[in-house]
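Chemist: Have a look at this one before I ask anything.
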Amino acid sequence: MNKLQLILDGLMRRYKERVPDVEKVISAMIAEGLIRRADDIENDHIAFRTMGVPHLGIQSLEKIFLHHGYIKKDYYYFAEKRLDAYWYAPPEPSLPRIFISELRVKDLPAATRDMIHNYTSEVTADPVLQLDLDDVAAVDAFLHSGLWRTPSYRDYTVLAGVSEYASWAIYNSYYLNHFTISVHNLPAGYNEIGRFNDFLEKQGLQLNDAGGKFKKSPDGLLLQSSTVAGMIEAEFAGGEKHAIAGSYVEFAERRVLPEFSHLDPAAIKRVHRREGFEAANADKIFESTYSSQTNKR
Ligand code: OOG
Ligand code: NI
C-alpha cells in the first residue's frame, strides 16, 4: 500500500475510535443493503482545523498532503467566523479531497489572541519542516499528538465564548474533524441528500440543522448535511475532566454538471460532477461542533 493511503488509514482509524456515529452510520448502511462493507463507502473529503499563527496554520499542515500529491485548489473566506480555508484535490479520484481551514487569529480581540499565543508560542519552528514526510509512522504520530501543552478548562471556556472554532482547535488540534460519505452513487431512494437524511434520522442520528438539515449551493449542484458532533471526555490541565464537542460525520451529494447531463448514468465519474466546496454551505457545517447544535443532542 502506498504511503499516502497509510497516512489516510491512520487518520480514519483514530477518527472511528472517537466518533461512535461513524460505526452507527456504516452498520445502518450495511443493514439497509446500501453497501456490503465499510470499504464500499466513497469518502468525498476529510477536514482539518488549524490555528493561524506563526509556524502553524494551513501553510504548515498542507505541506504533508502537497508532498504526497495533493493539489491546492480554491480559497474560501468566512468573515463572521474569522476563518480562511482551501480545498485540495487528491492525486487519484478514488481518494478523498481535503478541506483545511484556519482561524484568523490576528482578527480576534487582543485578549483572545494573547490567550491563544500563550499556547501556540511553544511552537518556535514549523513542525512539519522537521518531519521526514516519507516516514509514515512519524507523520501519523505527528497528526495525533498535541502541538502545545494541554489547555486549562478555564481557557477552553473563555475561548469558546469568543470562537467555538478556537476552543475546538486548542484541544483537538489535528484530529480529523470529519469524513464525508458520498451519497450520489448509492442505490435509488438513498442517493439524494434529503432522502438520505430521512434514513439517518430514522436510525436515531441527529443532524445539524443550522441553515436547514441540508445546505445547497446557489448552482443547486452541491448538497451537504452533517451529524451534530458527539461529546468526548476531555482531560484538561490538572487532570480536570469535562465533556466537550468531538468530531462529526458529513454527507455530500454532488450532482452531474449540466454539460454532462446527456451521459448514461453508468458512465458518470467524479469528473462529471460538481467539484469543490461552497462557502455558504461550509459556514453552517462548521457549526456541527458549536454548542448551539451540541446542546440539542
Ligand atoms: C469544516 C466545515 C466545512 C465543508 O465540507 O464545507 C466543511 C469544519 O467544520 O471544520 O466541511
Ligand atoms: Ni466537509
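Scheme for the C-alpha cells: letters A, B, ... for chains in order shown; per-chain residue numbers from 1; ligand numbers from 1 in order shown.
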Hey, could you make a per-residue contact list for chain A against ligand 1 with 6 Å as the cut-off, showing the nearest pair of atoms and its distance in Å to one decimal, counting only C-alpha atoms and all ligand atoms, sorted by chain and number, as a tab-separated table?
Modeler:
```
residue	atom	partner	partner_atom_place_in_ligand_line	distance
A:Ala47	CA	ligand 1	10 (O)	5.9
A:Phe48	CA	ligand 1	10 (O)	5.9
A:Arg49	CA	ligand 1	10 (O)	5.4
A:Asn177	CA	ligand 1	10 (O)	5.9
A:Phe277	CA	ligand 1	6 (O)	5.7
A:Asn281	CA	ligand 1	6 (O)	5.7
A:Ala282	CA	ligand 1	6 (O)	3.4
A:Ile285	CA	ligand 1	2 (C)	4.7
A:Phe286	CA	ligand 1	9 (O)	3.5
```
Chemist: Since we have the selection now, will you write its residues out, keeping C-alpha atoms, as a compact mmCIF listing (two decimals), in the first residue's frame?
Modeler:
```
# COMPACT_ATOMS: atom_id res chain seq x y z
CA ALA A 47 -11.29 18.08 7.03
CA PHE A 48 -8.83 19.62 9.46
CA ARG A 49 -8.85 22.79 11.55
CA ASN A 177 -12.76 16.92 12.16
CA PHE A 277 -16.88 23.43 -1.96
CA ASN A 281 -22.70 25.61 2.96
CA ALA A 282 -19.41 25.35 4.85
CA ILE A 285 -21.36 22.93 8.59
CA PHE A 286 -18.69 24.41 10.90
```
Chemist: Could you give me, as a VMD selection string, the residues within 9 Å of Gly10 (chain A), counting only C-alpha atoms and dropping anything in the same chain fewer than 5 positions from it?
Modeler: chain A and resid 5 15 140
Chemist: Give me, as a Markdown table, each residue of chain A that comes within 10 Å of ligand 2, together with its shortest interatomic pair and the distance in Å at one decimal, counting only C-alpha atoms and all ligand atoms, with rows ordered by chain and rising residue number.
Modeler:
```
| residue | atom | partner | partner_atom_place_in_ligand_line | distance |
| --- | --- | --- | --- | --- |
| A:Asp44 | CA | ligand 2 | 1 (Ni) | 8.4 |
| A:His45 | CA | ligand 2 | 1 (Ni) | 6.4 |
| A:Ile46 | CA | ligand 2 | 1 (Ni) | 6.5 |
| A:Ala47 | CA | ligand 2 | 1 (Ni) | 6.0 |
| A:Phe48 | CA | ligand 2 | 1 (Ni) | 9.2 |
| A:Trp87 | CA | ligand 2 | 1 (Ni) | 9.9 |
| A:Arg97 | CA | ligand 2 | 1 (Ni) | 9.5 |
| A:Ile98 | CA | ligand 2 | 1 (Ni) | 8.5 |
| A:Phe99 | CA | ligand 2 | 1 (Ni) | 6.8 |
| A:Ile100 | CA | ligand 2 | 1 (Ni) | 9.4 |
| A:Asn177 | CA | ligand 2 | 1 (Ni) | 8.5 |
| A:His178 | CA | ligand 2 | 1 (Ni) | 6.7 |
| A:Phe179 | CA | ligand 2 | 1 (Ni) | 7.1 |
| A:Thr180 | CA | ligand 2 | 1 (Ni) | 6.4 |
| A:Ile181 | CA | ligand 2 | 1 (Ni) | 9.8 |
| A:Gln224 | CA | ligand 2 | 1 (Ni) | 8.1 |
| A:Ser225 | CA | ligand 2 | 1 (Ni) | 8.9 |
| A:Ser226 | CA | ligand 2 | 1 (Ni) | 8.3 |
| A:Tyr248 | CA | ligand 2 | 1 (Ni) | 9.6 |
| A:Val249 | CA | ligand 2 | 1 (Ni) | 8.5 |
| A:Glu250 | CA | ligand 2 | 1 (Ni) | 6.1 |
| A:Phe251 | CA | ligand 2 | 1 (Ni) | 8.1 |
| A:Ala252 | CA | ligand 2 | 1 (Ni) | 8.3 |
| A:Phe277 | CA | ligand 2 | 1 (Ni) | 8.2 |
| A:Glu278 | CA | ligand 2 | 1 (Ni) | 9.9 |
| A:Asn281 | CA | ligand 2 | 1 (Ni) | 9.1 |
| A:Ala282 | CA | ligand 2 | 1 (Ni) | 6.9 |
| A:Ile285 | CA | ligand 2 | 1 (Ni) | 7.0 |
| A:Phe286 | CA | ligand 2 | 1 (Ni) | 8.2 |
```
Chemist: Can you spit out the residues from that selection as a PDB file, in the first residue's frame, using N, CA and C atoms?
Modeler:
```pdb
ATOM      1  N   ASP A  44     -15.920  11.455   0.268  1.00  0.00           N
ATOM      2  CA  ASP A  44     -15.888  12.687  -0.541  1.00  0.00           C
ATOM      3  C   ASP A  44     -14.745  13.601  -0.135  1.00  0.00           C
ATOM      4  N   HIS A  45     -14.588  13.792   1.177  1.00  0.00           N
ATOM      5  CA  HIS A  45     -13.468  14.604   1.682  1.00  0.00           C
ATOM      6  C   HIS A  45     -13.293  14.419   3.175  1.00  0.00           C
ATOM      7  N   ILE A  46     -12.125  14.812   3.648  1.00  0.00           N
ATOM      8  CA  ILE A  46     -11.849  14.863   5.086  1.00  0.00           C
ATOM      9  C   ILE A  46     -11.470  16.309   5.413  1.00  0.00           C
ATOM     10  N   ALA A  47     -11.568  16.676   6.686  1.00  0.00           N
ATOM     11  CA  ALA A  47     -11.293  18.076   7.031  1.00  0.00           C
ATOM     12  C   ALA A  47     -10.492  18.228   8.318  1.00  0.00           C
ATOM     13  N   PHE A  48      -9.654  19.257   8.299  1.00  0.00           N
ATOM     14  CA  PHE A  48      -8.828  19.615   9.458  1.00  0.00           C
ATOM     15  C   PHE A  48      -9.068  21.079   9.822  1.00  0.00           C
ATOM     16  N   TRP A  87      -9.309  24.058  -0.367  1.00  0.00           N
ATOM     17  CA  TRP A  87      -9.506  22.625  -0.566  1.00  0.00           C
ATOM     18  C   TRP A  87      -8.400  22.114  -1.472  1.00  0.00           C
ATOM     19  N   ARG A  97     -10.968  14.270  -1.209  1.00  0.00           N
ATOM     20  CA  ARG A  97     -10.462  15.646  -1.219  1.00  0.00           C
ATOM     21  C   ARG A  97     -10.093  15.995   0.215  1.00  0.00           C
ATOM     22  N   ILE A  98      -9.362  17.108   0.382  1.00  0.00           N
ATOM     23  CA  ILE A  98      -9.064  17.570   1.747  1.00  0.00           C
ATOM     24  C   ILE A  98      -9.491  19.034   1.857  1.00  0.00           C
ATOM     25  N   PHE A  99     -10.099  19.369   2.993  1.00  0.00           N
ATOM     26  CA  PHE A  99     -10.527  20.742   3.279  1.00  0.00           C
ATOM     27  C   PHE A  99      -9.761  21.160   4.539  1.00  0.00           C
ATOM     28  N   ILE A 100      -8.970  22.220   4.431  1.00  0.00           N
ATOM     29  CA  ILE A 100      -8.224  22.699   5.617  1.00  0.00           C
ATOM     30  C   ILE A 100      -8.620  24.147   5.885  1.00  0.00           C
ATOM     31  N   ASN A 177     -11.529  16.247  11.759  1.00  0.00           N
ATOM     32  CA  ASN A 177     -12.759  16.922  12.155  1.00  0.00           C
ATOM     33  C   ASN A 177     -13.992  16.200  11.597  1.00  0.00           C
ATOM     34  N   HIS A 178     -13.879  15.675  10.382  1.00  0.00           N
ATOM     35  CA  HIS A 178     -14.936  14.812   9.840  1.00  0.00           C
ATOM     36  C   HIS A 178     -14.460  14.083   8.595  1.00  0.00           C
ATOM     37  N   PHE A 179     -15.144  13.010   8.280  1.00  0.00           N
ATOM     38  CA  PHE A 179     -15.035  12.424   6.948  1.00  0.00           C
ATOM     39  C   PHE A 179     -16.424  12.540   6.350  1.00  0.00           C
ATOM     40  N   THR A 180     -16.529  12.325   5.047  1.00  0.00           N
ATOM     41  CA  THR A 180     -17.760  12.667   4.353  1.00  0.00           C
ATOM     42  C   THR A 180     -18.201  11.540   3.435  1.00  0.00           C
ATOM     43  N   ILE A 181     -19.395  11.047   3.658  1.00  0.00           N
ATOM     44  CA  ILE A 181     -19.929   9.954   2.852  1.00  0.00           C
ATOM     45  C   ILE A 181     -20.616  10.529   1.611  1.00  0.00           C
ATOM     46  N   GLN A 224     -25.121  19.303   1.064  1.00  0.00           N
ATOM     47  CA  GLN A 224     -24.382  18.712   2.179  1.00  0.00           C
ATOM     48  C   GLN A 224     -25.200  18.712   3.469  1.00  0.00           C
ATOM     49  N   SER A 225     -24.992  17.665   4.265  1.00  0.00           N
ATOM     50  CA  SER A 225     -25.575  17.628   5.604  1.00  0.00           C
ATOM     51  C   SER A 225     -24.532  17.037   6.534  1.00  0.00           C
ATOM     52  N   SER A 226     -24.790  17.098   7.845  1.00  0.00           N
ATOM     53  CA  SER A 226     -23.813  16.549   8.789  1.00  0.00           C
ATOM     54  C   SER A 226     -24.497  16.208  10.098  1.00  0.00           C
ATOM     55  N   TYR A 248     -17.477  14.969  13.857  1.00  0.00           N
ATOM     56  CA  TYR A 248     -18.793  14.614  13.316  1.00  0.00           C
ATOM     57  C   TYR A 248     -18.658  13.898  11.972  1.00  0.00           C
ATOM     58  N   VAL A 249     -19.781  13.543  11.364  1.00  0.00           N
ATOM     59  CA  VAL A 249     -19.798  12.881  10.054  1.00  0.00           C
ATOM     60  C   VAL A 249     -20.572  13.783   9.092  1.00  0.00           C
ATOM     61  N   GLU A 250     -20.054  13.896   7.870  1.00  0.00           N
ATOM     62  CA  GLU A 250     -20.745  14.718   6.867  1.00  0.00           C
ATOM     63  C   GLU A 250     -21.233  13.843   5.707  1.00  0.00           C
ATOM     64  N   PHE A 251     -22.207  14.345   4.964  1.00  0.00           N
ATOM     65  CA  PHE A 251     -22.783  13.637   3.820  1.00  0.00           C
ATOM     66  C   PHE A 251     -22.851  14.621   2.652  1.00  0.00           C
ATOM     67  N   ALA A 252     -22.474  14.162   1.466  1.00  0.00           N
ATOM     68  CA  ALA A 252     -22.455  15.080   0.322  1.00  0.00           C
ATOM     69  C   ALA A 252     -23.078  14.444  -0.908  1.00  0.00           C
ATOM     70  N   PHE A 277     -16.058  23.223  -3.149  1.00  0.00           N
ATOM     71  CA  PHE A 277     -16.884  23.431  -1.963  1.00  0.00           C
ATOM     72  C   PHE A 277     -17.723  24.682  -2.160  1.00  0.00           C
ATOM     73  N   GLU A 278     -18.454  25.084  -1.120  1.00  0.00           N
ATOM     74  CA  GLU A 278     -19.317  26.258  -1.215  1.00  0.00           C
ATOM     75  C   GLU A 278     -19.286  26.965   0.135  1.00  0.00           C
ATOM     76  N   ASN A 281     -22.430  26.931   2.375  1.00  0.00           N
ATOM     77  CA  ASN A 281     -22.697  25.611   2.961  1.00  0.00           C
ATOM     78  C   ASN A 281     -21.733  25.383   4.124  1.00  0.00           C
ATOM     79  N   ALA A 282     -20.453  25.609   3.856  1.00  0.00           N
ATOM     80  CA  ALA A 282     -19.406  25.347   4.849  1.00  0.00           C
ATOM     81  C   ALA A 282     -19.652  26.146   6.122  1.00  0.00           C
ATOM     82  N   ILE A 285     -21.877  24.242   8.201  1.00  0.00           N
ATOM     83  CA  ILE A 285     -21.359  22.928   8.593  1.00  0.00           C
ATOM     84  C   ILE A 285     -20.360  23.061   9.743  1.00  0.00           C
ATOM     85  N   PHE A 286     -19.604  24.166   9.768  1.00  0.00           N
ATOM     86  CA  PHE A 286     -18.690  24.412  10.897  1.00  0.00           C
ATOM     87  C   PHE A 286     -19.443  24.302  12.228  1.00  0.00           C
TER      88      PHE A 286
END
```
Chemist: From the options A:Asn185, A:Gln203, A:Ser163, A:Gln59, which residue's atoms come nearest to Leu129 (chain A), counting only C-alpha atoms?
Modeler: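 Of all the options, A:Gln59 lies closest to Leu129 (chain A).
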Chemist: Kindly give the distance, in Å, that separates CA of Tyr119 (chain A) and CA of Ser101 (chain A), rounded to a single decimal.
Modeler: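 Straight-line distance from CA of Tyr119 (chain A) to CA of Ser101 (chain A) works out to 19.1 Å.
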